[in-house]
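Since the structure comes first, as structure tokens, the remarks are kept for the end.
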Amino acid sequence: MTLRDLADHLACRLEGDGDLSIARVASLETAGPGDVSFFSNPRYARALAATRASAVIAAEGVAVPDGVAALRTRDPYVAFARALALLHPQPAPLVGVHPTAVVEAGVVLGEDVSIGPYAWIGAGAVLGARTVVRAHATVGEGAVLGDDCLLHPHVSIRERVTLGHRVVVQDHAVVGSDGFGFAADASGAMLKIPQVGTVVVGDDVEIGASTAIDRPPIGATVIGRGTKIDNLVQVAHGVELGERVILVSQVGIAGSTTVGAGTVLAGQVGVAGHLTIGKGVRATAQTGIPNSLPDKAFVSGYPAIDNRDWLKSSAVFRTLPALRRQVADLQRRLATLEGASAAEGEAGEETDGTA
């Protein structure tokens with residue numbers, strides 16, 4: 001593909017030789033002739049200055065080295081993603097049902113569905129057009145998958161779960177696992193509460209590897225349209241995620257909590273149950289959230305406090321050992337002064353008594 005064609009596909013403004021041939025996308029450090037790279041983070045300015053790429057996707061005003069063409073755009077990262085899809089297309093799966101797959105009675109398959117080796121599709125399930133079920137993945141009885149879904153190997157979509165269109169589920173994720181629900185009887189024995197609810201996943205959602213999304217005893221766990229969930233995330237029963245929520249690796253959300261649209265929870269954030277997290281909330285890594293939060297809150301630490309207050313507090317944490325030593329020294333000096341003052345007072349009383 002010529003650089004001019006690539007610029008047209010990406011809706012970028014071209015600076016440089018449009019007749020250059022571009023074969024792949026590469027990092028600034030590893031790129032060579034015939035490669036296009038991208039620049040969006042100032043931390044990589046040194047790598048940009050030294051790159052051997054034929055072209056770089058960059059914002060307006062970013063200086064690129066002499067001899068390197070530029071594809072100018074307001075959002076280099078988005079253009080980079082589109083360039084990857086264009087120049088590195090994934091091989092199309094074979095349409096049809098593999099001979100080793102099991103498709104139970106009453107299953108409805110849309111056009112051009114692909115079901116891989118040793119996959120299992122439960123009775124009454126519905127798979128939309130062009131949906132792909134890779135090797136060893138399972139789709140439970142009565143589950144409904146929309147068009148253009150992709151289930152990677154060993155994914156488990158449990159019974160009666162609903163996925164929207166263009167949902168991607170990475171390896172070993174489970175959607176619709178039983179929620180963690182038990183009740184203690186009079187003897188103290190733990191009685192399992194049947195989890196007979198479901199999970200409803202909206203369009204354009206991606207669910208990361210080894211993530212678990214639980215079903216509730218009644219009702220539904222809901223994942224909003226456009227939400228992106230990283231690997232190793234736990235979404236408990238009855239949780240409702242709004243549209244375009246981002247959950248980074250190892251986030252855990254306890255049961256019956258609502259998370260507003262556009263919220264971003266960074267790695268290892270923990271959210272307690274039965275809370276309401278507002279729209280557009282941001283929580284930095286390892287934040288613990290024990291209480292509800294308003295829209296657009298920006299929090300850190302445990303218990304979660306305003307990020308600016310947390311930054312000020314964390315700056316103080318490093319000085320606490322020295323501060324403790326200073327306080328102890330001041331206490332000793334104060335005790336010495338108080339002792340001296342008391343001694344002077346006693347001496348003055350004795351002098352007054354002998355006058």
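Chain identifiers are assigned as A, B, and so on, following the order in which chains appear in the structure tokens; residues are numbered from 1 within each chain, and ligands are numbered from 1 in order of appearance.
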DSSP strand (DSSP E or B) residues within range 196-329 of chain A, as a PDB file with N, CA and C atoms, in the first residue's frame:
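Okay, states-v3.pdb is ready:
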```pdb
ATOM      1  N   THR A 198     -29.580 -13.798  35.175  1.00  0.00           N
ATOM      2  CA  THR A 198     -28.838 -13.875  33.927  1.00  0.00           C
ATOM      3  C   THR A 198     -27.827 -12.747  33.846  1.00  0.00           C
ATOM      4  N   VAL A 199     -27.106 -12.701  32.734  1.00  0.00           N
ATOM      5  CA  VAL A 199     -26.188 -11.608  32.425  1.00  0.00           C
ATOM      6  C   VAL A 199     -26.564 -11.079  31.051  1.00  0.00           C
ATOM      7  N   VAL A 200     -26.637  -9.762  30.923  1.00  0.00           N
ATOM      8  CA  VAL A 200     -26.949  -9.113  29.655  1.00  0.00           C
ATOM      9  C   VAL A 200     -25.784  -8.202  29.291  1.00  0.00           C
ATOM     10  N   VAL A 201     -25.158  -8.480  28.161  1.00  0.00           N
ATOM     11  CA  VAL A 201     -23.986  -7.723  27.709  1.00  0.00           C
ATOM     12  C   VAL A 201     -24.375  -6.930  26.469  1.00  0.00           C
ATOM     13  N   GLU A 206     -15.900  -5.660  25.098  1.00  0.00           N
ATOM     14  CA  GLU A 206     -14.812  -6.645  25.103  1.00  0.00           C
ATOM     15  C   GLU A 206     -14.555  -7.074  26.538  1.00  0.00           C
ATOM     16  N   ILE A 207     -14.401  -8.387  26.730  1.00  0.00           N
ATOM     17  CA  ILE A 207     -14.209  -8.974  28.053  1.00  0.00           C
ATOM     18  C   ILE A 207     -12.881  -9.708  28.052  1.00  0.00           C
ATOM     19  N   ALA A 212     -14.399 -12.974  35.208  1.00  0.00           N
ATOM     20  CA  ALA A 212     -15.648 -13.636  35.595  1.00  0.00           C
ATOM     21  C   ALA A 212     -16.739 -12.594  35.802  1.00  0.00           C
ATOM     22  N   ILE A 213     -17.864 -12.807  35.156  1.00  0.00           N
ATOM     23  CA  ILE A 213     -19.029 -11.945  35.323  1.00  0.00           C
ATOM     24  C   ILE A 213     -20.164 -12.832  35.826  1.00  0.00           C
ATOM     25  N   ASP A 214     -20.598 -12.594  37.059  1.00  0.00           N
ATOM     26  CA  ASP A 214     -21.547 -13.491  37.724  1.00  0.00           C
ATOM     27  C   ASP A 214     -22.994 -13.118  37.455  1.00  0.00           C
ATOM     28  N   ARG A 215     -23.847 -14.148  37.495  1.00  0.00           N
ATOM     29  CA  ARG A 215     -25.289 -13.945  37.428  1.00  0.00           C
ATOM     30  C   ARG A 215     -25.845 -13.795  38.842  1.00  0.00           C
ATOM     31  N   ALA A 220     -30.750  -9.432  36.655  1.00  0.00           N
ATOM     32  CA  ALA A 220     -29.645  -9.533  35.697  1.00  0.00           C
ATOM     33  C   ALA A 220     -28.452  -8.700  36.137  1.00  0.00           C
ATOM     34  N   THR A 221     -27.284  -9.201  35.817  1.00  0.00           N
ATOM     35  CA  THR A 221     -26.066  -8.407  35.815  1.00  0.00           C
ATOM     36  C   THR A 221     -25.975  -7.782  34.431  1.00  0.00           C
ATOM     37  N   VAL A 222     -25.704  -6.473  34.354  1.00  0.00           N
ATOM     38  CA  VAL A 222     -25.782  -5.751  33.089  1.00  0.00           C
ATOM     39  C   VAL A 222     -24.446  -5.086  32.775  1.00  0.00           C
ATOM     40  N   ILE A 223     -23.958  -5.314  31.565  1.00  0.00           N
ATOM     41  CA  ILE A 223     -22.725  -4.689  31.082  1.00  0.00           C
ATOM     42  C   ILE A 223     -23.106  -3.765  29.935  1.00  0.00           C
ATOM     43  N   LYS A 228     -15.303  -1.790  28.132  1.00  0.00           N
ATOM     44  CA  LYS A 228     -14.105  -2.594  27.897  1.00  0.00           C
ATOM     45  C   LYS A 228     -13.579  -3.092  29.245  1.00  0.00           C
ATOM     46  N   ILE A 229     -13.452  -4.412  29.352  1.00  0.00           N
ATOM     47  CA  ILE A 229     -13.040  -5.055  30.602  1.00  0.00           C
ATOM     48  C   ILE A 229     -11.740  -5.797  30.358  1.00  0.00           C
ATOM     49  N   GLN A 234     -13.268  -9.204  38.236  1.00  0.00           N
ATOM     50  CA  GLN A 234     -14.429  -9.853  38.845  1.00  0.00           C
ATOM     51  C   GLN A 234     -15.582  -8.857  38.899  1.00  0.00           C
ATOM     52  N   VAL A 235     -16.666  -9.198  38.203  1.00  0.00           N
ATOM     53  CA  VAL A 235     -17.898  -8.409  38.272  1.00  0.00           C
ATOM     54  C   VAL A 235     -18.938  -9.288  38.950  1.00  0.00           C
ATOM     55  N   GLU A 240     -24.404  -3.415  37.765  1.00  0.00           N
ATOM     56  CA  GLU A 240     -24.809  -2.757  36.527  1.00  0.00           C
ATOM     57  C   GLU A 240     -23.711  -1.781  36.111  1.00  0.00           C
ATOM     58  N   LEU A 241     -23.097  -2.051  34.968  1.00  0.00           N
ATOM     59  CA  LEU A 241     -22.086  -1.157  34.404  1.00  0.00           C
ATOM     60  C   LEU A 241     -22.725  -0.334  33.302  1.00  0.00           C
ATOM     61  N   ILE A 246     -14.609   1.518  31.687  1.00  0.00           N
ATOM     62  CA  ILE A 246     -13.329   0.831  31.511  1.00  0.00           C
ATOM     63  C   ILE A 246     -12.897   0.254  32.849  1.00  0.00           C
ATOM     64  N   LEU A 247     -12.689  -1.074  32.872  1.00  0.00           N
ATOM     65  CA  LEU A 247     -12.210  -1.762  34.063  1.00  0.00           C
ATOM     66  C   LEU A 247     -10.856  -2.375  33.725  1.00  0.00           C
ATOM     67  N   GLY A 252     -12.138  -5.466  41.092  1.00  0.00           N
ATOM     68  CA  GLY A 252     -13.196  -6.281  41.673  1.00  0.00           C
ATOM     69  C   GLY A 252     -14.358  -5.408  42.104  1.00  0.00           C
ATOM     70  N   ILE A 253     -15.561  -5.753  41.650  1.00  0.00           N
ATOM     71  CA  ILE A 253     -16.757  -4.982  42.010  1.00  0.00           C
ATOM     72  C   ILE A 253     -17.727  -5.917  42.708  1.00  0.00           C
ATOM     73  N   THR A 258     -23.809  -0.184  41.218  1.00  0.00           N
ATOM     74  CA  THR A 258     -24.048   0.455  39.924  1.00  0.00           C
ATOM     75  C   THR A 258     -22.886   1.378  39.601  1.00  0.00           C
ATOM     76  N   VAL A 259     -22.351   1.251  38.396  1.00  0.00           N
ATOM     77  CA  VAL A 259     -21.225   2.074  37.958  1.00  0.00           C
ATOM     78  C   VAL A 259     -21.681   2.895  36.763  1.00  0.00           C
ATOM     79  N   VAL A 264     -13.815   5.104  34.802  1.00  0.00           N
ATOM     80  CA  VAL A 264     -12.573   4.362  34.588  1.00  0.00           C
ATOM     81  C   VAL A 264     -12.032   3.927  35.942  1.00  0.00           C
ATOM     82  N   LEU A 265     -11.925   2.616  36.144  1.00  0.00           N
ATOM     83  CA  LEU A 265     -11.337   2.064  37.366  1.00  0.00           C
ATOM     84  C   LEU A 265     -10.012   1.419  36.984  1.00  0.00           C
ATOM     85  N   GLY A 270     -10.807  -1.843  44.105  1.00  0.00           N
ATOM     86  CA  GLY A 270     -11.852  -2.645  44.718  1.00  0.00           C
ATOM     87  C   GLY A 270     -13.043  -1.771  45.075  1.00  0.00           C
ATOM     88  N   VAL A 271     -14.244  -2.245  44.744  1.00  0.00           N
ATOM     89  CA  VAL A 271     -15.470  -1.490  45.003  1.00  0.00           C
ATOM     90  C   VAL A 271     -16.390  -2.353  45.864  1.00  0.00           C
ATOM     91  N   THR A 276     -23.398   3.203  44.661  1.00  0.00           N
ATOM     92  CA  THR A 276     -23.651   3.882  43.390  1.00  0.00           C
ATOM     93  C   THR A 276     -22.423   4.718  43.051  1.00  0.00           C
ATOM     94  N   ILE A 277     -21.740   4.335  41.986  1.00  0.00           N
ATOM     95  CA  ILE A 277     -20.586   5.078  41.495  1.00  0.00           C
ATOM     96  C   ILE A 277     -21.075   5.924  40.332  1.00  0.00           C
ATOM     97  N   ARG A 282     -13.199   8.551  38.085  1.00  0.00           N
ATOM     98  CA  ARG A 282     -11.878   7.979  37.851  1.00  0.00           C
ATOM     99  C   ARG A 282     -11.284   7.563  39.198  1.00  0.00           C
ATOM    100  N   ALA A 283     -10.761   6.350  39.245  1.00  0.00           N
ATOM    101  CA  ALA A 283     -10.105   5.845  40.451  1.00  0.00           C
ATOM    102  C   ALA A 283      -8.737   5.321  40.050  1.00  0.00           C
ATOM    103  N   GLY A 288      -9.381   1.730  47.092  1.00  0.00           N
ATOM    104  CA  GLY A 288     -10.479   0.987  47.698  1.00  0.00           C
ATOM    105  C   GLY A 288     -11.668   1.906  47.892  1.00  0.00           C
ATOM    106  N   ILE A 289     -12.818   1.533  47.353  1.00  0.00           N
ATOM    107  CA  ILE A 289     -13.996   2.403  47.372  1.00  0.00           C
ATOM    108  C   ILE A 289     -15.060   1.778  48.266  1.00  0.00           C
ATOM    109  N   LEU A 293     -19.974   7.321  45.223  1.00  0.00           N
ATOM    110  CA  LEU A 293     -19.235   8.482  44.733  1.00  0.00           C
ATOM    111  C   LEU A 293     -20.105   9.275  43.766  1.00  0.00           C
ATOM    112  N   PHE A 298     -12.765  12.037  41.325  1.00  0.00           N
ATOM    113  CA  PHE A 298     -11.427  11.541  40.975  1.00  0.00           C
ATOM    114  C   PHE A 298     -10.764  11.159  42.286  1.00  0.00           C
ATOM    115  N   VAL A 299     -10.640   9.839  42.545  1.00  0.00           N
ATOM    116  CA  VAL A 299     -10.263   9.382  43.880  1.00  0.00           C
ATOM    117  C   VAL A 299      -9.056   8.458  43.840  1.00  0.00           C
ATOM    118  N   SER A 300      -8.420   8.363  45.022  1.00  0.00           N
ATOM    119  CA  SER A 300      -7.253   7.496  45.197  1.00  0.00           C
ATOM    120  C   SER A 300      -7.205   7.027  46.636  1.00  0.00           C
ATOM    121  N   ILE A 305     -10.263   8.842  48.784  1.00  0.00           N
ATOM    122  CA  ILE A 305     -10.442  10.270  49.011  1.00  0.00           C
ATOM    123  C   ILE A 305     -10.113  10.998  47.710  1.00  0.00           C
ATOM    124  N   ASP A 306     -10.415  12.290  47.679  1.00  0.00           N
ATOM    125  CA  ASP A 306     -10.112  13.074  46.497  1.00  0.00           C
ATOM    126  C   ASP A 306      -8.641  12.921  46.113  1.00  0.00           C
TER     127      ASP A 306
END
```
Residue contacts of Glu159 in chain A (10 Å, only C-alpha atoms) excluding same-chain residues fewer than 3 positions away, as a list in words: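 These residues fall inside the cut-off: Gly122, Ala123, Gly124, Ala125, Thr138, Val139, Gly140, Glu141, Gly142, Ala143, Val144, Ser156, Thr162, Val175, Gly176, Ser177, Val196, Gly197, Thr198 and Val199 of chain A.
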Near-Val133 in chain A list (6 Å; only C-alpha atoms; drop same-chain fewer than 2 positions) as an MDAnalysis selection string: chainID A and resid 115:116 151
Filtered DSSP result for range 94-321 of chain A, state alpha helix (DSSP H), as a PyMOL selection string: chain A and resi 307-317+320-321
Can I get the selected residues back with all heavy atoms, as a tab-separated table (two decimals), in the first residue's frame?
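Result went into selection26.tsv, see below:
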```
chain	number	residue	atom	x	y	z
A	307	ASN	N	-8.39	12.76	44.82
A	307	ASN	CA	-7.03	12.49	44.36
A	307	ASN	C	-6.04	13.56	44.79
A	307	ASN	O	-4.91	13.25	45.17
A	307	ASN	CB	-7.03	12.36	42.83
A	307	ASN	CG	-5.65	12.18	42.27
A	307	ASN	OD1	-5.06	13.13	41.74
A	307	ASN	ND2	-5.10	10.98	42.37
A	308	ARG	N	-6.44	14.83	44.77
A	308	ARG	CA	-5.52	15.90	45.18
A	308	ARG	C	-5.16	15.79	46.65
A	308	ARG	O	-4.00	15.98	47.03
A	308	ARG	CB	-6.14	17.26	44.87
A	308	ARG	CG	-6.22	17.58	43.38
A	308	ARG	CD	-7.06	18.81	43.13
A	308	ARG	NE	-8.45	18.60	43.53
A	308	ARG	CZ	-9.43	19.49	43.37
A	308	ARG	NH1	-9.15	20.65	42.81
A	308	ARG	NH2	-10.66	19.22	43.75
A	309	ASP	N	-6.15	15.45	47.48
A	309	ASP	CA	-5.85	15.26	48.91
A	309	ASP	C	-4.94	14.06	49.12
A	309	ASP	O	-4.05	14.08	49.97
A	309	ASP	CB	-7.16	15.07	49.70
A	309	ASP	CG	-8.01	16.33	49.70
A	309	ASP	OD1	-7.44	17.43	49.52
A	309	ASP	OD2	-9.24	16.21	49.87
A	310	TRP	N	-5.18	13.01	48.32
A	310	TRP	CA	-4.34	11.82	48.45
A	310	TRP	C	-2.91	12.11	48.04
A	310	TRP	O	-1.96	11.65	48.69
A	310	TRP	CB	-4.91	10.69	47.59
A	310	TRP	CG	-4.09	9.44	47.64
A	310	TRP	CD1	-4.11	8.48	48.62
A	310	TRP	CD2	-3.11	9.03	46.70
A	310	TRP	NE1	-3.21	7.49	48.32
A	310	TRP	CE2	-2.57	7.80	47.15
A	310	TRP	CE3	-2.63	9.56	45.51
A	310	TRP	CZ2	-1.59	7.11	46.46
A	310	TRP	CZ3	-1.66	8.87	44.81
A	310	TRP	CH2	-1.14	7.67	45.29
A	311	LEU	N	-2.71	12.90	46.99
A	311	LEU	CA	-1.35	13.26	46.57
A	311	LEU	C	-0.64	14.04	47.66
A	311	LEU	O	0.56	13.81	47.94
A	311	LEU	CB	-1.40	14.07	45.27
A	311	LEU	CG	-1.79	13.30	44.01
A	311	LEU	CD1	-1.96	14.27	42.83
A	311	LEU	CD2	-0.76	12.23	43.68
A	312	LYS	N	-1.35	14.97	48.28
A	312	LYS	CA	-0.74	15.73	49.38
A	312	LYS	C	-0.40	14.81	50.55
A	312	LYS	O	0.67	14.93	51.16
A	312	LYS	CB	-1.69	16.84	49.84
A	312	LYS	CG	-1.94	17.91	48.79
A	312	LYS	CD	-3.00	18.89	49.28
A	312	LYS	CE	-3.34	19.91	48.20
A	312	LYS	NZ	-4.42	20.84	48.62
A	313	SER	N	-1.31	13.90	50.86
A	313	SER	CA	-1.08	12.98	51.99
A	313	SER	C	0.08	12.04	51.70
A	313	SER	O	0.91	11.78	52.57
A	313	SER	CB	-2.35	12.17	52.27
A	313	SER	OG	-3.43	13.01	52.60
A	314	SER	N	0.14	11.52	50.46
A	314	SER	CA	1.21	10.59	50.13
A	314	SER	C	2.57	11.26	50.20
A	314	SER	O	3.58	10.62	50.51
A	314	SER	CB	0.99	9.98	48.75
A	314	SER	OG	1.02	10.98	47.75
A	315	ALA	N	2.61	12.57	49.91
A	315	ALA	CA	3.87	13.30	50.05
A	315	ALA	C	4.30	13.37	51.50
A	315	ALA	O	5.50	13.34	51.82
A	315	ALA	CB	3.73	14.70	49.46
A	316	VAL	N	3.32	13.43	52.41
A	316	VAL	CA	3.64	13.49	53.85
A	316	VAL	C	4.08	12.12	54.37
A	316	VAL	O	4.92	12.03	55.28
A	316	VAL	CB	2.41	14.00	54.64
A	316	VAL	CG1	2.64	13.91	56.14
A	316	VAL	CG2	2.09	15.43	54.23
A	317	PHE	N	3.53	11.04	53.80
A	317	PHE	CA	3.85	9.69	54.28
A	317	PHE	C	5.36	9.47	54.34
A	317	PHE	O	5.88	8.88	55.30
A	317	PHE	CB	3.23	8.62	53.38
A	317	PHE	CG	1.73	8.60	53.40
A	317	PHE	CD1	1.02	8.05	52.34
A	317	PHE	CD2	1.02	9.14	54.47
A	317	PHE	CE1	-0.36	8.04	52.34
A	317	PHE	CE2	-0.37	9.12	54.47
A	317	PHE	CZ	-1.05	8.57	53.41
A	320	LEU	N	7.07	10.86	57.48
A	320	LEU	CA	6.58	10.50	58.81
A	320	LEU	C	7.67	9.97	59.74
A	320	LEU	O	7.71	10.34	60.93
A	320	LEU	CB	5.44	9.48	58.68
A	320	LEU	CG	4.11	10.04	58.16
A	320	LEU	CD1	3.08	8.93	58.04
A	320	LEU	CD2	3.60	11.16	59.07
A	321	PRO	N	8.61	9.10	59.32
A	321	PRO	CA	9.66	8.64	60.24
A	321	PRO	C	10.49	9.79	60.80
A	321	PRO	O	10.77	9.84	62.01
A	321	PRO	CB	10.50	7.70	59.37
A	321	PRO	CG	9.55	7.20	58.33
A	321	PRO	CD	8.69	8.37	58.02
```
